[in-house]
$ cat my_file.txt   # compact mmCIF, C-alpha atoms and all ligand atoms
# COMPACT_ATOMS: atom_id res chain seq x y z
CA MET P 16 79.27 60.69 146.34
CA GLY P 17 77.38 61.12 149.63
CA SER P 18 73.79 60.14 150.39
CA GLU P 19 71.68 63.23 149.73
CA PRO P 20 68.09 62.74 148.57
CA ARG P 21 67.80 61.63 144.94
CA ASN P 22 65.83 64.70 143.87
CA MET P 23 68.84 66.88 144.67
CA ARG P 24 70.99 64.72 142.43
CA LEU P 25 68.48 65.03 139.61
CA ASP P 26 68.95 68.78 139.94
CA GLY P 27 72.66 68.27 139.44
CA ILE P 28 73.63 68.68 143.08
CA TYR P 29 75.98 66.55 145.17
CA LYS P 30 76.86 66.93 148.82
CA GLN P 31 80.47 67.88 149.16
CA ARG P 32 82.93 66.13 151.39
CA GLN P 33 82.71 69.12 153.71
CA GLU P 34 79.54 68.99 155.84
CA GLY P 35 76.97 71.62 154.91
CA TYR P 36 78.36 72.37 151.43
CA PHE P 37 77.08 71.37 148.01
CA MET P 38 78.34 71.20 144.44
CA GLN P 39 76.13 72.30 141.54
CA ARG P 40 76.97 70.77 138.15
CA VAL P 41 75.87 72.57 134.98
CA LYS P 42 75.19 70.67 131.75
CA LEU P 43 76.83 72.15 128.66
CA PRO P 44 75.87 70.32 125.45
CA ALA P 45 79.10 69.23 123.71
CA GLY P 46 80.93 71.42 126.26
CA VAL P 47 79.86 74.64 124.53
CA LEU P 48 78.69 77.79 126.25
CA SER P 49 78.34 81.44 125.35
CA ALA P 50 80.30 84.27 126.90
CA GLU P 51 77.08 85.47 128.58
CA GLN P 52 76.65 82.05 130.18
CA ALA P 53 80.27 82.01 131.32
CA TYR P 54 79.86 85.44 132.94
CA LYS P 55 76.80 84.12 134.76
CA VAL P 56 78.58 80.99 136.06
CA ALA P 57 81.46 83.19 137.24
CA ALA P 58 79.00 85.50 139.01
CA VAL P 59 77.14 82.59 140.64
CA ALA P 60 80.40 81.09 141.89
CA GLU P 61 81.46 84.43 143.33
CA ARG P 62 78.15 85.32 144.92
CA PHE P 63 77.07 81.94 146.29
CA GLY P 64 80.28 79.86 146.36
CA ARG P 65 83.91 80.70 146.96
CA GLY P 66 84.65 82.13 143.53
CA THR P 67 85.94 78.93 141.95
CA VAL P 68 84.62 76.96 138.97
CA HIS P 69 85.65 73.40 138.07
CA LEU P 70 85.73 72.13 134.47
CA THR P 71 84.98 68.42 134.11
CA THR P 72 86.24 65.89 131.56
CA ARG P 73 82.64 65.61 130.30
CA GLY P 74 82.53 69.28 129.38
CA SER P 75 80.44 70.40 132.33
CA MET P 76 81.07 73.14 134.85
CA GLU P 77 80.80 72.67 138.61
CA VAL P 78 80.39 75.29 141.30
CA HIS P 79 81.45 74.14 144.76
CA TRP P 80 80.96 75.52 148.26
CA LEU P 81 77.26 76.30 147.97
CA VAL P 82 74.97 76.20 151.00
CA GLU P 83 71.55 74.56 150.88
CA GLY P 84 69.52 77.75 151.28
CA ASP P 85 71.08 79.26 148.16
CA LEU P 86 70.49 76.30 145.83
CA PRO P 87 67.10 77.51 144.47
CA ARG P 88 68.61 80.94 143.70
CA VAL P 89 71.57 79.33 141.99
CA LYS P 90 69.20 77.39 139.73
CA GLN P 91 67.21 80.54 138.92
CA GLU P 92 70.32 82.54 138.11
CA LEU P 93 71.60 79.83 135.77
CA ALA P 94 68.18 79.52 134.12
CA LYS P 95 68.26 83.24 133.25
CA VAL P 96 70.92 82.49 130.66
CA GLY P 97 69.42 79.20 129.48
CA LEU P 98 71.65 76.92 131.54
CA THR P 99 70.22 73.77 133.05
CA SER P 100 71.50 71.36 135.63
CA ARG P 101 68.54 68.96 135.46
CA GLY P 102 69.82 65.40 135.18
CA ALA P 103 73.45 66.47 135.60
CA CYS P 104 73.78 63.95 138.46
CA GLY P 105 71.76 60.95 139.66
CA GLY P 106 69.82 58.36 137.66
CA ALA P 107 69.22 60.42 134.54
CA VAL P 108 70.51 61.04 131.04
CA ARG P 109 73.55 63.17 131.78
CA GLY P 110 75.03 65.99 129.76
CA VAL P 111 75.78 65.04 126.16
CA THR P 112 79.53 65.21 125.65
CA CYS P 113 81.83 65.63 122.66
CA SER P 114 85.61 65.67 122.61
CA SER P 115 85.80 66.45 118.87
CA GLN P 116 85.41 70.20 119.23
CA GLY P 117 88.31 70.86 116.87
CA ALA P 118 86.85 68.71 114.06
CA ALA P 119 85.46 70.33 110.92
CA ALA P 120 82.18 68.48 111.52
CA PHE P 121 81.84 69.77 115.08
CA PRO P 122 79.07 72.35 114.49
CA GLY P 123 76.76 69.52 113.34
CA LEU P 124 77.77 67.40 116.34
CA GLU P 125 77.07 70.31 118.69
CA SER P 126 73.66 70.78 117.12
CA LEU P 127 72.89 67.09 117.63
CA ALA P 128 74.12 67.28 121.24
CA ARG P 129 71.73 70.16 121.88
CA ARG P 130 68.82 68.23 120.34
CA LEU P 131 69.55 65.13 122.44
CA GLN P 132 69.95 67.18 125.60
CA ARG P 133 66.61 68.95 124.98
CA HIS P 134 64.88 65.63 124.36
CA PHE P 135 66.18 63.72 127.37
CA THR P 136 66.54 66.46 129.99
CA GLY P 137 63.79 66.83 132.58
CA ASN P 138 61.59 64.22 130.89
CA PRO P 139 60.23 61.90 133.60
CA ARG P 140 60.40 58.97 131.15
CA PHE P 141 64.17 59.27 131.23
CA GLU P 142 64.64 60.06 134.93
CA GLY P 143 64.62 57.72 137.92
CA LEU P 144 66.95 55.37 136.04
CA PRO P 145 68.95 52.70 137.92
CA LYS P 146 72.02 54.93 137.67
CA LYS P 147 73.58 57.49 135.36
CA PHE P 148 73.12 57.23 131.59
CA LYS P 149 75.82 58.88 129.51
CA ILE P 150 75.68 59.89 125.86
CA GLY P 151 78.73 61.02 123.91
CA ILE P 152 79.10 62.13 120.30
CA GLU P 153 82.42 61.94 118.45
CA ALA P 154 83.72 62.77 114.98
CA ASP P 155 85.87 59.61 114.98
CA THR P 156 87.07 56.78 117.20
CA ALA P 157 90.58 58.15 117.79
CA GLY P 158 90.23 59.11 121.46
CA GLY P 159 88.26 55.99 122.39
CA ARG P 160 85.60 58.05 124.15
CA HIS P 161 82.79 56.25 122.31
CA LEU P 162 83.85 53.16 124.29
CA ILE P 163 83.04 54.60 127.71
CA GLN P 164 79.48 55.83 127.12
CA ASP P 165 76.14 54.14 127.66
CA VAL P 166 75.49 55.39 124.12
CA GLY P 167 78.48 56.55 122.08
CA LEU P 168 77.70 58.03 118.66
CA VAL P 169 80.48 58.20 116.08
CA LEU P 170 79.95 60.14 112.86
CA SER P 171 80.28 57.62 110.03
CA GLY P 172 79.31 59.58 106.93
CA SER P 173 76.18 60.84 105.29
CA ASP P 174 73.26 59.30 103.43
CA ALA P 175 71.54 61.57 100.92
CA GLY P 176 72.73 64.64 102.81
CA VAL P 177 71.78 63.27 106.25
CA SER P 178 74.57 62.48 108.72
CA THR P 179 74.91 58.86 109.78
CA TYR P 180 76.35 57.51 113.03
CA ASP P 181 77.72 54.26 114.38
CA VAL P 182 75.97 53.57 117.69
CA TRP P 183 78.11 52.02 120.43
CA ILE P 184 76.51 51.05 123.72
CA ALA P 185 77.11 49.68 127.22
CA GLY P 186 80.58 51.10 127.88
CA GLY P 187 81.75 52.65 131.12
CA LEU P 188 84.71 53.09 133.44
CA GLY P 189 84.35 53.15 137.23
CA ARG P 190 85.35 50.17 139.31
CA GLU P 191 84.57 47.70 136.53
CA PRO P 192 85.71 49.29 133.26
CA ARG P 193 84.11 47.81 130.16
CA ALA P 194 84.44 48.91 126.54
CA GLY P 195 81.19 49.48 124.70
CA PHE P 196 80.12 47.37 121.70
CA LEU P 197 78.71 48.32 118.31
CA LEU P 198 74.91 48.14 118.39
CA ALA P 199 74.27 49.45 114.89
CA ALA P 200 76.36 51.01 112.10
CA GLY P 201 75.49 53.91 109.82
CA VAL P 202 72.27 54.97 111.59
CA ARG P 203 70.65 58.02 109.98
CA GLU P 204 70.40 61.02 112.30
CA GLU P 205 66.61 61.04 112.46
CA ARG P 206 66.70 57.42 113.70
CA LEU P 207 68.89 58.26 116.70
CA LEU P 208 66.14 59.37 119.07
CA PRO P 209 64.08 56.15 118.74
CA VAL P 210 67.22 54.01 118.97
CA ILE P 211 68.47 55.75 122.12
CA GLU P 212 64.99 55.68 123.66
CA ALA P 213 64.91 51.92 123.11
CA VAL P 214 68.30 51.55 124.81
CA VAL P 215 67.12 53.62 127.79
CA ALA P 216 63.89 51.60 128.00
CA VAL P 217 65.73 48.26 128.18
CA TYR P 218 68.15 49.67 130.73
CA ALA P 219 65.37 51.13 132.91
CA ARG P 220 63.39 47.90 132.84
CA LEU P 221 66.12 45.32 133.41
CA ALA P 222 69.09 46.81 135.26
CA PRO P 223 68.92 46.64 139.05
CA PRO P 224 69.95 49.89 140.82
CA PRO P 225 72.69 51.04 141.00
CA LYS P 226 74.00 49.17 137.95
CA ARG P 227 74.92 50.77 134.62
CA LEU P 228 73.94 49.40 131.22
CA LYS P 229 77.29 47.61 131.02
CA PHE P 230 76.01 45.29 133.76
CA LEU P 231 73.31 43.98 131.38
CA ALA P 232 75.89 43.46 128.64
CA ARG P 233 77.98 41.38 131.01
CA GLU P 234 75.08 39.43 132.52
CA LEU P 235 72.99 38.81 129.40
CA GLY P 236 75.60 39.05 126.66
CA GLU P 237 75.84 41.60 123.87
CA ASP P 238 73.65 39.64 121.45
CA GLU P 239 70.79 39.38 123.92
CA VAL P 240 71.00 43.08 124.82
CA ARG P 241 70.88 43.91 121.09
CA ARG P 242 67.87 41.62 120.61
CA LEU P 243 66.02 43.23 123.53
CA ILE P 244 66.69 46.73 122.23
CA GLU P 245 65.59 45.90 118.69
CA ALA P 246 62.41 44.34 120.12
CA GLU P 247 61.39 47.58 121.84
CA PRO P 248 58.38 49.08 119.97
CA VAL P 249 60.01 52.51 119.86
CA TYR P 250 63.13 51.14 118.16
CA GLY P 251 61.48 50.92 114.77
CA GLU P 252 59.69 54.26 114.98
CA GLN P 253 60.23 56.53 112.00
CA LEU P 254 60.49 60.22 112.81
CA PRO P 255 60.58 62.93 110.17
CA PRO P 256 63.96 64.62 109.67
CA ALA P 257 64.44 67.68 111.88
CA HIS P 258 64.21 70.49 109.35
CA GLY P 259 64.84 74.06 110.43
CA PHE P 260 67.82 76.12 111.44
CA ALA P 261 70.55 74.36 113.39
CA ASP P 262 71.13 75.81 116.86
CA ASN P 263 74.85 75.22 117.27
CA VAL P 264 76.67 78.35 118.39
CA THR P 265 80.06 77.18 117.09
CA PRO P 266 80.31 78.70 113.60
CA GLU P 267 79.87 76.38 110.61
CA VAL P 268 82.82 77.81 108.74
CA ALA P 269 86.25 77.69 110.34
CA GLY P 270 87.62 81.19 110.54
CA GLY P 271 90.94 81.97 112.11
CA GLY P 272 91.83 78.58 113.63
CA ARG P 273 91.55 77.39 117.20
CA LEU P 274 93.20 78.37 120.45
CA VAL P 275 93.25 76.57 123.78
CA ALA P 276 93.68 78.12 127.21
CA PRO P 277 95.18 75.48 129.52
CA VAL P 278 93.53 75.27 132.93
CA PHE P 279 95.38 73.29 135.61
CA ALA P 280 93.10 70.55 136.98
CA GLY P 281 90.13 72.38 135.45
CA GLN P 282 90.21 74.84 138.34
CA LEU P 283 89.30 78.43 137.47
CA THR P 284 88.66 81.48 139.59
CA SER P 285 85.62 83.57 138.73
CA ALA P 286 87.96 86.39 137.72
CA ARG P 287 89.84 84.14 135.28
CA LEU P 288 86.59 82.81 133.83
CA ARG P 289 85.39 86.38 133.25
CA ASP P 290 88.64 87.15 131.45
CA LEU P 291 88.20 84.03 129.31
CA ALA P 292 84.63 85.07 128.50
CA ALA P 293 85.80 88.56 127.52
CA PHE P 294 88.37 86.93 125.22
CA ALA P 295 85.58 84.92 123.60
CA ASP P 296 83.62 88.10 122.96
CA GLU P 297 86.66 89.78 121.41
CA TYR P 298 88.05 86.95 119.28
CA ALA P 299 85.69 83.96 119.07
CA GLY P 300 82.20 85.27 118.41
CA GLY P 301 81.30 84.85 122.10
CA VAL P 302 81.83 81.06 122.06
CA LEU P 303 83.77 79.02 124.66
CA GLN P 304 84.31 75.24 124.61
CA VAL P 305 85.07 73.19 127.72
CA THR P 306 87.37 70.46 126.43
CA ALA P 307 87.66 66.83 127.52
CA ASP P 308 91.06 67.75 128.98
CA GLN P 309 89.42 70.37 131.25
CA ASP P 310 90.71 73.35 129.29
CA ILE P 311 88.89 76.17 127.49
CA ALA P 312 89.09 76.25 123.67
CA TYR P 313 88.01 78.88 121.16
CA PRO P 314 87.08 78.65 117.48
CA LEU P 315 88.61 81.95 116.35
CA ALA P 316 86.34 84.16 114.29
CA ALA P 317 87.28 84.81 110.67
CA GLY P 318 89.53 87.81 110.16
CA VAL P 319 90.97 88.01 113.68
CA ASP P 320 94.68 88.59 114.15
CA ALA P 321 95.60 85.07 115.33
CA GLY P 322 99.02 86.12 116.63
CA ARG P 323 97.58 88.93 118.71
CA ALA P 324 94.82 86.62 119.96
CA ALA P 325 97.39 83.98 120.99
CA ARG P 326 99.45 86.57 122.90
CA GLU P 327 96.40 87.90 124.68
CA LEU P 328 95.15 84.43 125.60
CA ALA P 329 98.60 83.46 126.90
CA ALA P 330 98.53 86.51 129.15
CA ILE P 331 95.12 85.52 130.50
CA ALA P 332 96.07 81.86 130.92
CA GLY P 333 99.42 82.66 132.51
CA THR P 334 101.46 80.83 129.86
CA SER P 335 104.10 82.18 127.54
CA PRO P 336 103.53 81.96 123.78
CA GLY P 337 106.25 79.75 122.34
CA GLY P 338 107.23 78.59 125.83
CA ALA P 339 107.08 75.00 127.08
CA ALA P 340 103.69 73.50 126.36
CA PRO P 341 101.66 72.76 129.50
CA VAL P 342 101.35 69.07 130.30
CA THR P 343 97.99 67.52 129.43
CA PHE P 344 96.85 66.21 132.80
CA ARG P 345 93.20 65.49 133.57
CA ILE P 346 92.61 65.69 137.32
CA CYS P 347 89.37 65.12 139.24
CA PRO P 348 88.61 67.05 142.46
CA GLY P 349 89.61 64.08 144.66
CA SER P 350 89.48 64.62 148.40
CA HIS P 351 89.78 68.38 147.98
CA GLU P 352 85.99 68.44 147.61
CA CYS P 353 84.61 65.02 146.60
CA SER P 354 83.23 62.76 149.31
CA MET P 355 84.60 59.69 147.50
CA GLY P 356 88.11 61.09 147.11
CA LEU P 357 91.00 59.14 148.66
CA ALA P 358 93.76 61.69 148.01
CA GLU P 359 94.28 65.39 147.33
CA THR P 360 94.60 64.97 143.61
CA ARG P 361 95.74 68.49 142.74
CA ASN P 362 98.59 68.25 145.24
CA VAL P 363 99.61 64.79 143.98
CA ALA P 364 99.53 66.03 140.39
CA ALA P 365 101.59 69.12 141.25
CA GLU P 366 104.19 66.86 142.88
CA LEU P 367 104.33 64.59 139.83
CA LEU P 368 104.57 67.54 137.44
CA GLY P 369 107.55 68.74 139.44
CA VAL P 370 109.58 65.60 138.64
CA MET P 371 108.55 65.06 135.01
CA GLY P 372 111.29 65.03 132.41
CA PRO P 373 110.74 66.10 128.78
CA ALA P 374 109.40 62.69 127.69
CA ALA P 375 106.89 62.55 130.54
CA ARG P 376 105.80 66.13 129.81
CA GLY P 377 105.06 65.10 126.24
CA GLU P 378 102.62 62.41 127.37
CA ALA P 379 98.99 62.93 128.32
CA TRP P 380 98.17 61.96 131.90
CA ALA P 381 95.03 61.50 133.97
CA LEU P 382 94.61 61.13 137.72
CA SER P 383 91.46 60.01 139.53
CA GLY P 384 91.03 60.34 143.26
CA CYS P 385 89.19 57.02 143.57
CA PRO P 386 88.35 54.01 141.37
CA ASN P 387 85.27 55.79 139.98
CA SER P 388 87.69 57.10 137.36
CA CYS P 389 86.00 60.44 136.62
CA SER P 390 89.15 61.80 134.92
CA GLN P 391 89.05 58.81 132.52
CA PRO P 392 92.50 57.39 133.37
CA GLN P 393 91.85 54.33 131.18
CA LEU P 394 91.70 56.64 128.14
CA ALA P 395 95.01 58.39 128.80
CA PRO P 396 98.36 57.03 127.61
CA LEU P 397 99.29 57.15 131.30
CA GLY P 398 96.47 56.94 133.82
CA ILE P 399 96.65 56.93 137.60
CA VAL P 400 93.92 55.82 140.01
CA VAL P 401 94.04 56.21 143.76
CA ALA P 402 93.00 52.64 144.49
CA LYS P 403 92.76 52.65 148.27
CA LEU P 404 94.05 53.99 151.57
CA VAL P 405 96.34 51.89 153.74
CA ALA P 406 96.40 52.32 157.54
CA MET P 407 99.88 53.21 158.79
CA GLU P 408 101.42 52.44 162.16
CA ASP P 409 101.20 56.08 163.24
CA GLY P 410 97.43 56.08 162.67
CA SER P 411 97.58 58.01 159.39
CA ARG P 412 96.28 56.60 156.09
CA SER P 413 98.43 56.48 153.02
CA PRO P 414 97.16 56.31 149.40
CA ARG P 415 98.07 53.51 147.01
CA PHE P 416 98.04 54.13 143.28
CA ASP P 417 97.26 51.89 140.30
CA LEU P 418 98.86 52.76 136.98
CA TYR P 419 97.24 52.26 133.55
CA ARG P 420 98.79 52.43 130.11
CA ARG P 421 96.84 52.80 126.90
CA GLY P 422 98.56 51.85 123.68
CA GLY P 423 95.95 50.64 121.21
CA GLY P 424 92.41 51.65 120.44
CA GLY P 425 90.73 50.07 123.48
CA LEU P 426 90.83 50.92 127.17
CA GLY P 427 94.12 51.23 129.01
CA GLU P 428 95.42 48.19 130.90
CA LYS P 429 96.51 48.20 134.52
CA VAL P 430 100.29 47.73 134.46
CA ARG P 431 101.26 48.46 138.09
CA GLU P 432 99.21 48.40 141.26
CA GLN P 433 99.33 49.47 144.87
CA LEU P 434 102.22 51.91 144.35
CA THR P 435 103.13 54.27 147.16
CA LEU P 436 103.45 57.94 146.27
CA GLY P 437 107.23 57.51 146.41
CA GLU P 438 107.10 54.57 143.99
CA LEU P 439 104.75 56.48 141.70
CA THR P 440 107.09 59.47 141.72
CA GLU P 441 110.03 57.26 140.80
CA PHE P 442 108.04 55.81 137.92
CA VAL P 443 107.14 59.28 136.64
CA LYS P 444 110.80 60.30 136.78
CA SER P 445 111.68 57.26 134.69
CA VAL P 446 109.29 58.01 131.81
S1 LIG P 501 87.10 59.83 140.58
FE1 LIG P 501 87.42 61.77 141.67
S2 LIG P 501 85.60 63.04 141.31
FE2 LIG P 501 85.12 60.90 140.72
S3 LIG P 501 84.14 60.06 142.53
FE3 LIG P 501 86.35 59.55 142.65
S4 LIG P 501 87.30 61.22 143.82
FE4 LIG P 501 85.25 61.89 143.20
$ encode --input "my_file.txt" --output "structure tokens" --more "lines below"
Ligand code: SF4
Amino acid sequence: MGSEPRNMRLDGIYKQRQEGYFMQRVKLPAGVLSAEQAYKVAAVAERFGRGTVHLTTRGSMEVHWLVEGDLPRVKQELAKVGLTSRGACGGAVRGVTCSSQGAAAFPGLESLARRLQRHFTGNPRFEGLPKKFKIGIEADTAGGRHLIQDVGLVLSGSDAGVSTYDVWIAGGLGREPRAGFLLAAGVREERLLPVIEAVVAVYARLAPPPKRLKFLARELGEDEVRRLIEAEPVYGEQLPPAHGFADNVTPEVAGGGRLVAPVFAGQLTSARLRDLAAFADEYAGGVLQVTADQDIAYPLAAGVDAGRAARELAAIAGTSPGGAAPVTFRICPGSHECSMGLAETRNVAAELLGVMGPAARGEAWALSGCPNSCSQPQLAPLGIVVAKLVAMEDGSRSPRFDLYRRGGGGLGEKVREQLTLGELTEFVKSV
């Protein structure tokens, strides 16, 4: 994305496709934010941007259409409610994600995400890395998201009351997708910081910019990468367990269930985000969760009238309770705003939604505007990547689409390539 100075990226800022405009990404540990924080993001987008907020598949929020002179003020305003963007872009440890927000164990995962984010954010030892470094935490392996992280933690059980995690490393999508491999099983929670630090240290020392950790796994082999990590002095460090109150804001005890407000392509207006924050205050203890499908979810507080809450949320989200379920469709910004985008993803998705039959509407889809695969198309049952632009006789350029299908527990496989939009539309009709 663009070629702005690295320090801007470390502050979570990318140049937009449109000259003179910037995007500010905001890290949300495990995708969770408070209603107060949501009000602030809405206000920042309205005051400094064009009143739109984008939800990412990694549970972050992005504010587009900012001008350079306003960027320091944007950072200050976000800091007033405890939001940080440090390391949200560039060669740093990115926001810690979690797609298991509906799991019973989620409050503990959120607490761990917050601890990891505090530890790795803004620490010069973990900045200036060859490229991005992504950490994800999951309650299980069902969604396959542990396979696409530099470090993917999967809850495996508990040992004398302490949670244990399987540690997967060296996964990633992008132009060369590679599934991560299991570094260590059943690691006690207090061992995670030294283990992850050792992984970062090996990556920082041996990977040439702009390669990800998966490059080392391919070049050196998984066994050698494991040996190097285990040989790091920090790997064996013993830290005391983190006693004290947990700082997750998602309640420990499930109350009235969970509701999801679908958000097309993760695109919200400031006004809609304020409404969603007000809903959180009324029904969900002031907690919002940005999901991996770019929607907003709520853990309902105990004792709320779930039926009334569902009707009110449907009114805010513009859906009808009991009506046709919205299609799950992850969509990156594409050439609407992203400098790497090869097609206007939201328009392509709207066209495809228009021809979907019932079976296609029951599938989960993902569309990425370039091979960087930010919407994680290799983790959707049906994933679409805009692979390239082809020059036409009339001087225009026409997108070509690759199609991925995911059936088992690994990454999706490319099953069709170089489809025109017409061919892609015909395929979607046939599902
Ligand atoms: S996948 Fe989408 S958001 Fe990611 S770099 Fe490509 S166009 Fe931009």
$ residues_near_ligand --input "my_file.txt" --ligand "ligand LIG 501 (chain P)" --cutoff "7 Å" --atoms "only C-alpha atoms and all ligand atoms" --output "list in words"
Met16, Cys347, Pro348, Gly349, Ser350, Cys353, Ser354, Met355, Gly356, Leu357, Ser383, Gly384, Cys385, Pro386, Asn387, Ser388, Cys389 and Ser390 of chain P
$ residues_around --input "my_file.txt" --residues "Ala194 of chain P" --least-positions-apart "5" --cutoff "9 Å" --atoms "all atoms listed in the file" --output "number ranges by chain"
P: 161-164, 184-188, 229, 425-426
$ closest_residue --input "my_file.txt" --among "P:Glu352, P:Glu92, P:Glu125, P:Glu153" --to "Tyr54 of chain P" --atoms "all atoms listed in the file"
P:Glu92
$ atom_distance --input "my_file.txt" --atom1 "atom CA of Ala246 of chain P" --atom2 "atom CA of Ala213 of chain P"
8.5 Å
$ residues_near_point --input "my_file.txt" --point "(98.3, 52.3, 149.7)" --cutoff "10 Å" --atoms "only C-alpha atoms" --output "compact mmCIF listing (two decimals) with C-alpha atoms, in the frame of the given file"
# COMPACT_ATOMS: atom_id res chain seq x y z
CA VAL P 401 94.04 56.21 143.76
CA ALA P 402 93.00 52.64 144.49
CA LYS P 403 92.76 52.65 148.27
CA LEU P 404 94.05 53.99 151.57
CA VAL P 405 96.34 51.89 153.74
CA ALA P 406 96.40 52.32 157.54
CA MET P 407 99.88 53.21 158.79
CA ARG P 412 96.28 56.60 156.09
CA SER P 413 98.43 56.48 153.02
CA PRO P 414 97.16 56.31 149.40
CA ARG P 415 98.07 53.51 147.01
CA PHE P 416 98.04 54.13 143.28
CA ASP P 417 97.26 51.89 140.30
CA GLU P 432 99.21 48.40 141.26
CA GLN P 433 99.33 49.47 144.87
CA LEU P 434 102.22 51.91 144.35
CA THR P 435 103.13 54.27 147.16
CA LEU P 436 103.45 57.94 146.27
$ residues_around --input "my_file.txt" --residues "Gly201 of chain P" --least-positions-apart "3" --cutoff "9 Å" --atoms "only C-alpha atoms" --output "list in words"
Leu170, Ser171, Gly172, Ser173, Asp174, Ser178, Thr179, Tyr180, Asp181 and Val182 of chain P
$ atom_distance --input "my_file.txt" --atom1 "atom CA of Arg109 of chain P" --atom2 "atom CA of Phe135 of chain P"
8.6 Å
$ atom_distance --input "my_file.txt" --atom1 "atom CA of Phe196 of chain P" --atom2 "atom CA of Leu382 of chain P"
25.6 Å
$ closest_residue --input "my_file.txt" --among "P:Val278, P:Ala222, P:Ala312, P:Ala395" --to "Gln116 of chain P" --atoms "all atoms listed in the file"
P:Ala312
$ closest_atom_pairs --input "my_file.txt" --of "segment 69-169 of chain P" --to "segment 282-290 of chain P" --cutoff "12 Å" --atoms "all atoms listed in the file" --output "CSV"
residue,atom,partner,partner_atom,distance
P:His69,CA,P:Gln282,CA,4.8
P:Leu70,CA,P:Gln282,CA,6.5
P:Thr71,CA,P:Gln282,CA,9.3
P:Thr72,CA,P:Gln282,CA,11.9
P:Met76,CA,P:Gln282,CA,9.9
P:Glu77,CA,P:Gln282,CA,9.7
P:Val78,CA,P:Ser285,CA,10.1
P:His79,CA,P:Gln282,CA,10.9
$ write_last_selection --input "my_file.txt" --atoms "C-alpha atoms" --output "compact mmCIF listing (two decimals), keeping the file's coordinate frame"
# COMPACT_ATOMS: atom_id res chain seq x y z
CA HIS P 69 85.65 73.40 138.07
CA LEU P 70 85.73 72.13 134.47
CA THR P 71 84.98 68.42 134.11
CA THR P 72 86.24 65.89 131.56
CA MET P 76 81.07 73.14 134.85
CA GLU P 77 80.80 72.67 138.61
CA VAL P 78 80.39 75.29 141.30
CA HIS P 79 81.45 74.14 144.76
$ closest_residue --input "my_file.txt" --among "P:Phe121, P:Tyr298, P:Phe442, P:Phe148" --to "Val319 of chain P" --atoms "only C-alpha atoms"
P:Tyr298
$ closest_residue --input "my_file.txt" --among "P:Pro87, P:Gly97, P:Gly251, P:Gly427" --to "Val41 of chain P" --atoms "all atoms listed in the file"
P:Gly97
$ closest_residue --input "my_file.txt" --among "P:Gly236, P:Gly176, P:Pro225, P:Gly423" --to "Gly159 of chain P" --atoms "all atoms listed in the file"
P:Gly423
$ closest_residue --input "my_file.txt" --among "P:Ser115, P:Thr334, P:Gln132, P:Thr265" --to "Gly301 of chain P" --atoms "all atoms listed in the file"
P:Thr265
$ residues_around --input "my_file.txt" --residues "Asp310 of chain P" --least-positions-apart "6" --cutoff "7 Å" --atoms "only C-alpha atoms" --output "PyMOL selection string"
chain P and resi 275-278+281
$ residues_near_point --input "my_file.txt" --point "(86.9, 69.8, 127.1)" --cutoff "7 Å" --atoms "all atoms listed in the file" --output "list of chain:residue names"
P:Gly46, P:Thr72, P:Arg73, P:Gly74, P:Ser114, P:Gln304, P:Val305, P:Thr306, P:Ala307, P:Asp308, P:Gln309, P:Asp310, P:Ile311
$ residues_around --input "my_file.txt" --residues "Ala379 of chain P" --least-positions-apart "6" --cutoff "10 Å" --atoms "only C-alpha atoms" --output "PyMOL selection string"
chain P and resi 308+342-345+392+394-398
$ decode --input "my_file.txt" --residues "segment 380-400 of chain P" --atoms "C-alpha atoms" --output "CSV table (one decimal), in the first residue's frame"
chain,number,residue,atom,x,y,z
P,380,TRP,CA,-17.9,-15.7,0.7
P,381,ALA,CA,-14.9,-13.4,0.7
P,382,LEU,CA,-13.6,-11.0,-1.9
P,383,SER,CA,-10.1,-9.4,-2.0
P,384,GLY,CA,-9.3,-6.6,-4.3
P,385,CYS,CA,-5.8,-7.9,-5.0
P,386,PRO,CA,-3.7,-11.0,-4.2
P,387,ASN,CA,-2.7,-9.6,-0.8
P,388,SER,CA,-5.9,-11.4,0.4
P,389,CYS,CA,-6.8,-9.1,3.3
P,390,SER,CA,-10.4,-10.5,3.4
P,391,GLN,CA,-8.9,-14.0,3.9
P,392,PRO,CA,-10.5,-15.6,0.8
P,393,GLN,CA,-8.5,-18.8,1.4
P,394,LEU,CA,-10.4,-19.3,4.7
P,395,ALA,CA,-13.9,-18.9,3.1
P,396,PRO,CA,-15.8,-21.8,1.6
P,397,LEU,CA,-15.9,-19.6,-1.5
P,398,GLY,CA,-13.1,-17.1,-1.9
P,399,ILE,CA,-12.5,-14.6,-4.7
P,400,VAL,CA,-9.3,-12.7,-5.5
